[in-house]
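Source file final.cif; content: mmCIF, C-alpha atoms.
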data_model
#
loop_
_atom_site.label_atom_id
_atom_site.label_comp_id
_atom_site.auth_asym_id
_atom_site.auth_seq_id
_atom_site.Cartn_x
_atom_site.Cartn_y
_atom_site.Cartn_z
CA MET H 2 0.00 0.00 0.00
CA GLU H 3 2.80 2.41 -0.80
CA ILE H 4 1.31 5.73 -1.91
CA PRO H 5 3.16 7.77 -4.54
CA ASP H 6 4.08 11.24 -3.29
CA GLU H 7 2.31 12.88 -6.19
CA GLU H 8 -1.02 11.43 -4.99
CA GLU H 9 -0.67 12.95 -1.53
CA ASP H 10 -0.03 16.34 -0.07
CA VAL H 11 3.10 15.54 1.95
CA PRO H 12 2.40 16.53 5.58
CA ALA H 13 4.72 18.98 7.29
CA ALA H 14 5.27 16.47 10.11
CA ARG H 15 6.71 13.81 7.79
CA LEU H 16 10.26 12.62 8.39
CA HIS H 17 11.28 11.18 5.01
CA ASP H 18 14.41 9.45 6.31
CA LEU H 19 12.55 7.36 8.89
CA LEU H 20 13.58 3.74 8.21
CA ARG H 21 16.80 2.11 7.05
CA PRO H 22 15.96 0.66 3.60
CA GLU H 23 18.49 -2.17 3.94
CA VAL H 24 16.75 -3.44 7.09
CA LEU H 25 13.34 -3.16 5.45
CA ALA H 26 14.62 -5.16 2.47
CA LYS H 27 15.79 -8.09 4.63
CA PHE H 28 12.23 -9.19 5.48
CA ASP H 29 11.83 -12.93 4.89
CA ARG H 30 8.20 -13.80 4.27
CA ALA H 31 8.74 -17.54 4.60
CA ALA H 32 10.46 -17.16 7.98
CA PHE H 33 7.71 -14.83 9.22
CA GLU H 34 4.95 -17.27 8.24
CA ARG H 35 6.89 -20.18 9.76
CA ASP H 36 7.69 -18.59 13.14
CA GLY H 37 4.97 -15.94 13.51
CA TYR H 38 7.27 -12.99 14.24
CA TRP H 39 9.92 -10.82 12.62
CA VAL H 40 12.47 -8.48 14.23
CA TRP H 41 13.24 -5.27 12.31
CA GLU H 42 16.54 -4.81 14.17
CA GLY H 43 17.80 -1.21 14.21
CA ILE H 44 15.39 -0.19 11.45
CA LEU H 45 14.90 3.39 12.67
CA THR H 46 17.39 5.99 11.52
CA ASP H 47 18.96 8.22 14.18
CA ALA H 48 16.52 10.97 13.20
CA GLY H 49 13.66 8.46 13.32
CA ARG H 50 14.60 7.36 16.83
CA GLN H 51 14.72 10.96 18.02
CA ARG H 52 11.35 11.82 16.48
CA TRP H 53 9.62 8.73 17.87
CA THR H 54 11.02 9.31 21.35
CA ALA H 55 10.08 12.99 21.34
CA SER H 56 6.50 12.23 20.28
CA LEU H 57 6.01 9.45 22.82
CA ASP H 58 7.50 11.58 25.62
CA ARG H 59 5.21 14.45 24.68
CA LEU H 60 2.15 12.21 24.48
CA GLN H 61 2.88 10.67 27.87
CA ALA H 62 3.20 14.12 29.43
CA MET H 63 -0.10 15.14 27.83
CA GLY H 64 -1.87 12.07 29.16
CA ASP H 65 -0.41 12.44 32.65
CA GLY H 66 -1.53 16.07 32.76
CA MET H 67 -5.06 15.09 31.74
CA ILE H 68 -5.14 12.45 34.48
CA MET H 69 -4.04 14.90 37.17
CA ASP H 70 -5.83 18.10 36.04
CA THR H 71 -9.25 16.74 35.09
CA ASP H 72 -11.98 16.99 37.72
CA TRP H 73 -13.20 13.42 37.26
CA ALA H 74 -15.88 13.81 39.91
CA ALA H 75 -17.52 16.73 38.01
CA ILE H 76 -18.32 14.64 34.91
CA ASP H 77 -22.01 13.73 34.54
CA TYR H 78 -21.61 10.00 34.08
CA ALA H 79 -25.31 9.21 34.60
CA ALA H 80 -26.33 11.41 31.66
CA ARG H 81 -24.06 9.26 29.50
CA GLY H 82 -25.34 5.97 30.87
CA LEU H 83 -22.06 5.34 32.70
CA GLU H 84 -21.19 4.35 36.23
CA PRO H 85 -19.31 7.07 38.18
CA LEU H 86 -15.69 6.45 39.02
CA PRO H 87 -15.18 4.82 42.43
CA PRO H 88 -14.42 7.49 45.07
CA GLU H 89 -11.10 5.88 45.98
CA THR H 90 -9.81 6.53 42.44
CA LEU H 91 -10.42 10.29 42.63
CA THR H 92 -7.67 11.23 45.07
CA PRO H 93 -4.51 12.90 43.74
CA GLU H 94 -2.48 10.10 45.28
CA PHE H 95 -4.34 7.41 43.36
CA ARG H 96 -4.29 9.34 40.10
CA LYS H 97 -0.53 9.81 40.44
CA LYS H 98 -0.21 6.02 40.41
CA CYS H 99 -1.94 6.01 37.01
CA CYS H 100 0.70 8.22 35.40
CA GLY H 101 3.89 7.23 33.63
CA GLY H 102 2.46 4.64 31.26
CA LYS H 103 0.53 1.34 31.19
CA LYS H 104 -1.53 2.09 34.31
CA LEU H 105 -4.34 4.17 32.82
CA GLY H 106 -6.70 1.22 33.15
CA LEU H 107 -6.67 1.69 36.93
CA LEU H 108 -8.59 4.94 36.40
CA ILE H 109 -10.39 4.54 33.07
CA SER H 110 -12.79 1.60 33.06
CA ASN H 111 -13.32 -0.33 29.83
CA GLU H 112 -16.87 1.07 29.72
CA LEU H 113 -15.59 4.65 29.90
CA ARG H 114 -12.85 3.96 27.37
CA ILE H 115 -15.41 2.62 24.87
CA TYR H 116 -17.63 5.66 25.45
CA MET H 117 -14.73 8.02 24.71
CA HIS H 118 -13.89 5.94 21.64
CA ASP H 119 -17.42 6.16 20.23
CA HIS H 120 -18.70 9.52 21.46
CA GLY H 121 -15.86 11.49 23.03
CA LEU H 122 -15.90 12.90 26.54
CA PHE H 123 -16.92 16.45 25.69
CA GLY H 124 -18.99 19.19 27.48
CA PRO H 125 -21.11 20.87 28.57
CA GLU H 126 -19.77 20.30 32.11
CA PRO H 127 -15.99 20.20 32.79
CA THR H 128 -14.49 17.19 31.03
CA LEU H 129 -10.93 16.34 30.00
CA VAL H 130 -8.65 19.21 31.01
CA THR H 131 -5.80 20.01 28.64
CA ARG H 132 -2.98 22.54 28.88
CA GLY H 133 -1.99 24.13 25.59
CA PHE H 134 -3.62 21.60 23.25
CA ASP H 135 -7.14 20.67 22.19
CA SER H 136 -8.94 17.72 23.74
CA GLN H 137 -9.98 15.04 21.28
CA GLY H 138 -12.43 13.51 23.74
CA LEU H 139 -10.20 10.54 24.58
CA MET H 140 -6.84 9.84 26.20
CA PRO H 141 -3.61 9.98 24.13
CA GLU H 142 -2.66 6.49 25.32
CA HIS H 143 -5.75 5.04 23.63
CA PHE H 144 -5.20 6.64 20.21
CA ALA H 145 -1.96 8.59 19.85
CA PRO H 146 -2.60 9.73 16.22
CA ALA H 147 -5.38 12.03 17.46
CA TYR H 148 -2.80 14.11 19.32
CA ASP H 149 0.39 13.90 17.27
CA ALA H 150 0.81 14.68 13.56
CA PHE H 151 4.00 12.61 13.25
CA ILE H 152 2.31 9.53 14.74
CA LEU H 153 -0.73 10.08 12.50
CA ASP H 154 1.52 10.11 9.45
CA VAL H 155 3.59 7.02 10.32
CA THR H 156 0.53 4.96 11.21
CA SER H 157 -1.60 5.88 8.20
CA ALA H 158 0.36 7.32 5.28
CA HIS H 159 4.19 7.36 5.47
CA PRO H 160 5.46 5.50 2.36
CA GLN H 161 8.17 3.56 4.20
CA MET H 162 5.77 2.44 6.92
CA MET H 163 3.13 1.50 4.36
CA GLU H 164 5.78 -0.57 2.57
CA LEU H 165 6.59 -2.34 5.85
CA PHE H 166 2.94 -3.14 6.52
CA GLY H 167 2.52 -4.18 2.90
CA LYS H 168 5.23 -6.81 3.40
CA LEU H 169 3.26 -8.21 6.32
CA PHE H 170 -0.21 -8.11 4.76
CA GLY H 171 -0.11 -7.56 1.03
CA ALA H 172 -2.13 -5.03 -0.92
CA ARG H 173 -4.75 -4.06 1.68
CA PHE H 174 -4.90 -3.88 5.46
CA VAL H 175 -7.04 -2.05 7.99
CA LEU H 176 -6.17 -0.57 11.34
CA ASP H 177 -7.25 -2.72 14.29
CA HIS H 178 -5.97 -0.47 17.10
CA ILE H 179 -3.11 1.76 18.21
CA ILE H 180 -2.12 2.14 21.83
CA MET H 181 0.85 3.50 23.73
CA LEU H 182 2.60 0.87 25.85
CA ASN H 183 5.05 3.09 27.70
CA ARG H 184 6.36 1.33 30.80
CA ALA H 185 7.68 3.08 33.88
CA PRO H 186 10.60 1.73 35.98
CA GLY H 187 9.44 -1.23 38.04
CA ASN H 188 6.47 -2.05 35.78
CA LYS H 189 5.51 -5.68 36.42
CA GLY H 190 5.06 -6.60 32.75
CA ALA H 191 2.37 -8.99 31.53
CA GLY H 192 1.86 -12.75 31.87
CA TRP H 193 1.45 -15.04 28.89
CA HIS H 194 -1.60 -14.18 26.81
CA ALA H 195 -2.79 -13.68 23.23
CA HIS H 196 -5.56 -11.86 21.34
CA PRO H 197 -8.25 -13.01 18.91
CA TYR H 198 -8.73 -11.77 15.37
CA ARG H 199 -11.81 -9.53 15.64
CA GLN H 200 -14.22 -11.26 18.09
CA GLY H 201 -12.52 -14.65 17.99
CA GLU H 202 -14.97 -16.31 15.62
CA TYR H 203 -12.18 -17.68 13.41
CA GLU H 204 -9.92 -19.24 16.03
CA VAL H 205 -9.54 -23.04 16.02
CA GLU H 206 -9.77 -23.48 19.81
CA ASP H 207 -11.11 -21.71 22.84
CA ALA H 208 -9.11 -19.18 24.83
CA ILE H 209 -7.32 -21.81 26.93
CA GLY H 210 -6.58 -24.28 24.16
CA GLU H 211 -5.91 -27.48 26.09
CA GLY H 212 -6.25 -29.49 22.89
CA HIS H 213 -3.84 -29.71 20.00
CA ALA H 214 -5.82 -28.41 17.02
CA VAL H 215 -3.25 -27.06 14.62
CA THR H 216 -2.65 -26.11 11.00
CA PRO H 217 0.69 -25.84 9.18
CA ARG H 218 -0.78 -23.13 6.95
CA PHE H 219 -0.51 -19.39 7.65
CA LEU H 220 -4.19 -18.50 7.70
CA GLN H 221 -5.77 -15.79 5.58
CA ARG H 222 -7.35 -13.87 8.46
CA GLN H 223 -4.55 -12.31 10.47
CA CYS H 224 -4.02 -9.48 12.90
CA ILE H 225 -0.36 -8.52 13.34
CA ARG H 226 1.04 -6.38 16.13
CA THR H 227 4.08 -4.18 15.50
CA LEU H 228 5.89 -2.69 18.48
CA VAL H 229 8.17 0.32 18.02
CA HIS H 230 11.04 0.57 20.51
CA PRO H 231 12.99 3.76 19.74
CA GLU H 232 15.23 3.25 22.78
CA GLY H 233 15.23 -0.54 22.68
CA ALA H 234 13.83 -3.29 24.92
CA THR H 235 16.77 -5.24 26.33
CA PHE H 236 17.46 -7.89 28.95
CA GLU H 237 19.61 -5.40 30.84
CA GLU H 238 16.68 -3.03 31.44
CA GLY H 239 13.85 -5.57 31.53
CA GLY H 240 10.46 -5.45 29.90
CA GLU H 241 11.60 -7.62 26.99
CA LEU H 242 9.12 -9.47 24.78
CA GLY H 243 8.71 -13.24 24.93
CA VAL H 244 7.26 -15.19 22.00
CA ILE H 245 6.80 -18.86 21.06
CA PRO H 246 7.83 -19.46 17.43
CA GLY H 247 5.28 -21.65 15.69
CA ALA H 248 2.58 -21.26 18.35
CA HIS H 249 0.60 -19.00 16.01
CA LEU H 250 -0.22 -22.05 13.89
CA TYR H 251 -2.31 -23.41 16.77
CA ARG H 252 -4.56 -20.37 16.37
CA ILE H 253 -5.38 -20.13 20.09
CA PRO H 254 -5.95 -16.66 21.61
CA TYR H 255 -4.51 -17.80 24.95
CA LYS H 256 -6.31 -16.32 27.99
CA TRP H 257 -7.26 -13.24 26.02
CA ASN H 258 -10.25 -12.43 28.23
CA SER H 259 -9.21 -13.75 31.65
CA ALA H 260 -6.53 -13.37 34.32
CA ARG H 261 -2.98 -13.75 33.04
CA PRO H 262 -0.97 -15.27 35.90
CA ASP H 263 1.30 -17.47 33.77
CA HIS H 264 5.00 -16.75 33.48
CA ASP H 265 7.62 -18.93 31.83
CA GLU H 266 7.71 -21.86 34.26
CA ALA H 267 3.93 -22.19 34.37
CA MET H 268 3.74 -21.96 30.57
CA ARG H 269 6.37 -24.67 30.09
CA ASN H 270 4.65 -26.96 32.60
CA SER H 271 1.16 -26.62 31.14
CA TRP H 272 0.19 -25.23 27.75
CA LEU H 273 3.49 -25.99 26.02
CA GLN H 274 3.55 -29.64 27.12
CA GLY H 275 3.58 -31.90 24.06
CA LYS H 276 3.19 -29.13 21.50
CA THR H 277 5.53 -29.17 18.53
CA HIS H 278 6.17 -26.75 15.69
CA PRO H 279 3.78 -27.77 12.87
CA VAL H 280 6.40 -27.04 10.19
CA THR H 281 9.75 -28.03 11.73
CA GLY H 282 8.52 -30.73 14.13
CA ALA H 283 10.65 -29.33 16.96
CA ALA H 284 9.19 -28.88 20.44
CA LEU H 285 7.74 -25.41 20.95
CA GLU H 286 10.08 -23.23 23.01
CA ILE H 287 9.94 -19.77 24.54
CA VAL H 288 12.18 -17.14 22.99
CA HIS H 289 12.95 -13.83 24.72
CA LEU H 290 13.86 -10.95 22.43
CA SER H 291 16.45 -8.37 23.45
CA LEU H 292 15.98 -5.52 20.99
CA PRO H 293 18.59 -2.79 20.47
CA PRO H 294 17.59 0.88 20.13
CA GLY H 295 15.66 1.78 17.00
CA SER H 296 14.10 -1.66 16.57
CA MET H 297 10.60 -2.86 15.78
CA VAL H 298 9.11 -6.31 16.11
CA SER H 299 6.04 -7.64 14.31
CA PHE H 300 4.24 -10.75 15.55
CA VAL H 301 0.96 -12.53 15.00
CA HIS H 302 -1.79 -11.21 17.29
CA HIS H 303 -3.08 -14.60 18.45
CA MET H 304 0.35 -16.11 19.25
CA PRO H 305 0.94 -16.30 23.03
CA HIS H 306 3.35 -13.60 24.14
CA HIS H 307 4.75 -12.23 27.38
CA VAL H 308 6.37 -9.02 28.66
CA GLY H 309 8.95 -9.26 31.41
CA PRO H 310 9.13 -6.88 34.39
CA ARG H 311 10.91 -3.57 33.95
CA HIS H 312 13.87 -3.18 36.31
CA PRO H 313 13.27 -0.59 39.08
CA ASP H 314 16.42 1.39 38.18
CA ALA H 315 15.79 1.34 34.41
CA PRO H 316 14.62 4.49 32.61
CA PRO H 317 11.05 4.72 31.28
CA ARG H 318 10.57 2.69 28.10
CA ARG H 319 8.67 4.38 25.30
CA THR H 320 6.71 2.04 23.01
CA LEU H 321 3.91 2.35 20.50
CA LEU H 322 1.81 -0.66 19.52
CA MET H 323 0.36 -0.60 16.01
CA ALA H 324 -2.04 -3.47 15.27
CA TYR H 325 -3.36 -3.94 11.73
CA ARG H 326 -5.27 -6.83 10.19
CA THR H 327 -6.40 -8.31 6.95
CA PRO H 328 -9.94 -7.20 6.03
CA ASP H 329 -12.69 -9.61 7.05
CA PRO H 330 -14.77 -10.38 3.94
CA GLU H 331 -17.70 -11.38 6.16
CA ALA H 332 -17.79 -8.12 8.15
CA GLU H 333 -20.79 -5.85 7.88
CA PRO H 334 -20.24 -2.85 5.58
CA ALA H 335 -18.96 0.15 7.53
CA ARG H 336 -17.38 3.46 6.67
CA TRP H 337 -14.53 3.12 9.19
CA SER H 338 -12.73 0.29 10.91
CA GLU H 339 -14.09 -0.36 14.40
CA GLY H 340 -10.59 0.24 15.79
CA ILE H 341 -10.69 3.95 14.91
CA PRO H 342 -12.33 6.28 17.45
CA ARG H 343 -15.57 6.95 15.62
CA GLN H 344 -16.15 10.44 17.00
CA TRP H 345 -12.60 11.50 16.08
CA VAL H 346 -12.45 10.11 12.55
CA GLU H 347 -15.87 11.52 11.63
CA ARG H 348 -14.80 14.99 12.79
CA MET H 349 -11.50 14.75 10.89
CA ALA H 350 -13.21 13.54 7.73
CA ALA H 351 -15.83 16.29 7.90
CA ALA H 352 -13.06 18.88 8.29
CA GLU H 353 -11.18 17.32 5.32
CA LYS H 354 -8.16 16.63 7.54
CA LEU H 355 -7.68 12.99 6.52
CA SER H 356 -5.34 12.23 3.64
CA PRO H 357 -6.41 9.72 0.96
CA ALA H 358 -3.86 7.27 2.39
CA ALA H 359 -5.30 7.63 5.90
CA ARG H 360 -8.81 7.09 4.59
CA ARG H 361 -7.69 3.80 3.02
CA VAL H 362 -6.04 2.53 6.21
CA PHE H 363 -8.90 3.70 8.43
CA ALA H 364 -11.66 2.35 6.18
CA GLY H 365 -13.89 -0.51 7.26
CA ASP H 366 -13.34 -4.11 6.18
CA ASN H 367 -16.02 -3.69 3.52
CA PRO H 368 -16.08 0.08 3.09
CA ARG H 369 -19.29 1.89 2.40
CA ALA H 370 -19.31 5.39 0.98
#
How does the structure come out when it is put into structure tokens?
Amino acid sequence: MEIPDEEEDVPAARLHDLLRPEVLAKFDRAAFERDGYWVWEGILTDAGRQRWTASLDRLQAMGDGMIMDTDWAAIDYAARGLEPLPPETLTPEFRKKCCGGKKLGLLISNELRIYMHDHGLFGPEPTLVTRGFDSQGLMPEHFAPAYDAFILDVTSAHPQMMELFGKLFGARFVLDHIIMLNRAPGNKGAGWHAHPYRQGEYEVEDAIGEGHAVTPRFLQRQCIRTLVHPEGATFEEGGELGVIPGAHLYRIPYKWNSARPDHDEAMRNSWLQGKTHPVTGAALEIVHLSLPPGSMVSFVHHMPHHVGPRHPDAPPRRTLLMAYRTPDPEAEPARWSEGIPRQWVERMAAAEKLSPAARRVFAGDNPRA
């Protein structure tokens, strides 16, 4: 889905020298389909690393300010059909715990997040308080492109990024979701889990997957997650990604909607027992990835994965997750993908602020005019 420059008005925020072409060219489709992941080691240029880091730092500061400055108790939740926030979450001390990255869910319930996604948390009473920028009705962590022109460009239009996603998907892909995964020092990480394609209707087993249903074929319906690590994600600092090469061919969204207590030992002693790689025949094994600065990693959405704890003395780790998927031919016709905040994209489209490339990436599986 590379878009010729002459078709687009090149945005002022674009950094043309974003990716190293030689790293982009090394992509091995056969290896990706076999193992379910691909490391784009050191793919960001020095300028690209700096721009990514600056944007993610700025977005985190914006989100932290909104957490601390908003009068959450003054919002009329009942008028929106929402439950009010629990009183214990309204203290400055509690809200401070929600700052720094990957803890916003302690304050923002899933119900409230979905409301902001669909409708926006706007007036007339005091709502999201911003300092020096316009509120988009949702938190930056939940959709960074709404608050940063550089992130909007690289996730929807930048030719090098569209070439990268094209290698993963082919001619057409749609945005599933974008979320910041910044992790503060001491973050506990995440136990082994996976995610379903759309609502899970195409997976071959349930979310635990005690059986051994498997296919050696890389399936047509795929969601692929790409993590951007401008400053790396190494063993020395913690928070590294764990994957299981070949596990994606079992098509099991492991514990996607339940508690995630499993770490490596529990995974080896339970789910991995007896499972072999459908292509190579080798026993499935856990692989931990230590990624140098300027790296990205792409991996299949429904493959079990794990994030280790961040060391207490490590600096904050800035990360953006970009999840795209193949269009679902059986989806209902829709103007926009369900992963795009509806209230935001409709306002941007009405104001003619979406490029043709962004409209293609943001469009629904079966787009309607």
Worksheet item: Just how far from atom CA of H:Pro197 is atom CA of H:Val244, in Å to one decimal?
Response: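 These atoms are spaced 16.0 Å apart.
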Practice prompt. List the residues matched by the PyMOL selection byres ((chain H and resi 275-277) around 12) in the displayed structure as a VMD selection string, ordered by chain and then by residue number.
Written response: chain H and resid 210 to 217 245 to 251 268 to 274 278 to 287
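Distances to H:Leu122 were evaluated for H:Gly66, H:Ile76, H:Lys98, H:Leu242 using only C-alpha atoms, and the minimum falls at H:Ile76.
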Practice prompt. Can you pull out every residue within 9 Å of stretch 57-65 of chain H, counting all atoms listed in the file, but drop anything in the same chain fewer than 5 positions away, and send it as a PyMOL selection string?
Written response: chain H and resi 52+70+96-97+99-102+131-132+134+140-142+145+148-149+152+181+183+319-321
Fill in: Nearby residues (all atoms listed in the file) at most 10 Å from H:His143, same-chain spacing under 5 positions excluded, as a VMD selection string
chain H and resid 64 105 114 117 to 118 178 to 182 342
Worksheet item: Can you list, as a list in words, the residues that the PyMOL selection byres ((chain H and resi 235-240) around 6) selects here?
Response: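 When the PyMOL selection byres ((chain H and resi 235-240) around 6) is applied, the selected residues are Ala234, Glu241, Ser291, Leu292, Val308, Gly309, Pro310, Arg311, His312 and Ala315 of chain H.
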Export of the given selection (C-alpha atoms) as a compact mmCIF listing (two decimals), in the frame of the given file:
# COMPACT_ATOMS: atom_id res chain seq x y z
CA ALA H 234 13.83 -3.29 24.92
CA GLU H 241 11.60 -7.62 26.99
CA SER H 291 16.45 -8.37 23.45
CA LEU H 292 15.98 -5.52 20.99
CA VAL H 308 6.37 -9.02 28.66
CA GLY H 309 8.95 -9.26 31.41
CA PRO H 310 9.13 -6.88 34.39
CA ARG H 311 10.91 -3.57 33.95
CA HIS H 312 13.87 -3.18 36.31
CA ALA H 315 15.79 1.34 34.41
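This file, queried with the PyMOL selection byres ((chain H and resi 323) around 6), gives the residues Ile179, Arg226, Thr227, Leu322 and Ala324 of chain H.
The two atoms in question, atom CA of H:Glu89 and atom CA of H:Val130, are spaced 20.2 Å apart.
Of the listed residues (H:Met349, H:Leu169, H:Val298, H:Ile341), H:Leu169 comes nearest to H:Asp29; the distances count all atoms listed in the file.
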Any chance you could model N, CA and C atoms for stretch 71-84 of chain H and send them as a PDB file, in the frame of the given file?
ATOM      1  N   THR H  71      -7.822  16.883  35.321  1.00  0.00           N
ATOM      2  CA  THR H  71      -9.250  16.740  35.090  1.00  0.00           C
ATOM      3  C   THR H  71      -9.991  16.528  36.417  1.00  0.00           C
ATOM      4  N   ASP H  72     -11.113  17.208  36.557  1.00  0.00           N
ATOM      5  CA  ASP H  72     -11.980  16.990  37.720  1.00  0.00           C
ATOM      6  C   ASP H  72     -12.910  15.824  37.386  1.00  0.00           C
ATOM      7  N   TRP H  73     -12.458  14.609  37.660  1.00  0.00           N
ATOM      8  CA  TRP H  73     -13.200  13.420  37.260  1.00  0.00           C
ATOM      9  C   TRP H  73     -14.537  13.307  37.966  1.00  0.00           C
ATOM     10  N   ALA H  74     -14.627  13.873  39.161  1.00  0.00           N
ATOM     11  CA  ALA H  74     -15.880  13.810  39.910  1.00  0.00           C
ATOM     12  C   ALA H  74     -16.955  14.721  39.325  1.00  0.00           C
ATOM     13  N   ALA H  75     -16.566  15.756  38.541  1.00  0.00           N
ATOM     14  CA  ALA H  75     -17.520  16.730  38.010  1.00  0.00           C
ATOM     15  C   ALA H  75     -18.209  16.246  36.738  1.00  0.00           C
ATOM     16  N   ILE H  76     -17.749  15.143  36.158  1.00  0.00           N
ATOM     17  CA  ILE H  76     -18.320  14.640  34.910  1.00  0.00           C
ATOM     18  C   ILE H  76     -19.680  13.988  35.192  1.00  0.00           C
ATOM     19  N   ASP H  77     -20.662  14.300  34.378  1.00  0.00           N
ATOM     20  CA  ASP H  77     -22.010  13.730  34.540  1.00  0.00           C
ATOM     21  C   ASP H  77     -22.042  12.359  33.866  1.00  0.00           C
ATOM     22  N   TYR H  78     -21.663  11.354  34.619  1.00  0.00           N
ATOM     23  CA  TYR H  78     -21.610  10.000  34.080  1.00  0.00           C
ATOM     24  C   TYR H  78     -23.023   9.457  33.821  1.00  0.00           C
ATOM     25  N   ALA H  79     -23.959   9.748  34.739  1.00  0.00           N
ATOM     26  CA  ALA H  79     -25.310   9.210  34.600  1.00  0.00           C
ATOM     27  C   ALA H  79     -25.955   9.655  33.296  1.00  0.00           C
ATOM     28  N   ALA H  80     -25.739  10.913  32.907  1.00  0.00           N
ATOM     29  CA  ALA H  80     -26.330  11.410  31.660  1.00  0.00           C
ATOM     30  C   ALA H  80     -25.806  10.659  30.445  1.00  0.00           C
ATOM     31  N   ARG H  81     -24.656  10.020  30.592  1.00  0.00           N
ATOM     32  CA  ARG H  81     -24.060   9.260  29.500  1.00  0.00           C
ATOM     33  C   ARG H  81     -24.302   7.760  29.642  1.00  0.00           C
ATOM     34  N   GLY H  82     -25.068   7.384  30.653  1.00  0.00           N
ATOM     35  CA  GLY H  82     -25.340   5.970  30.870  1.00  0.00           C
ATOM     36  C   GLY H  82     -24.157   5.226  31.437  1.00  0.00           C
ATOM     37  N   LEU H  83     -23.275   5.939  32.158  1.00  0.00           N
ATOM     38  CA  LEU H  83     -22.060   5.340  32.700  1.00  0.00           C
ATOM     39  C   LEU H  83     -22.109   5.311  34.221  1.00  0.00           C
ATOM     40  N   GLU H  84     -21.371   4.380  34.796  1.00  0.00           N
ATOM     41  CA  GLU H  84     -21.190   4.350  36.230  1.00  0.00           C
ATOM     42  C   GLU H  84     -20.132   5.393  36.622  1.00  0.00           C
TER      43      GLU H  84
END
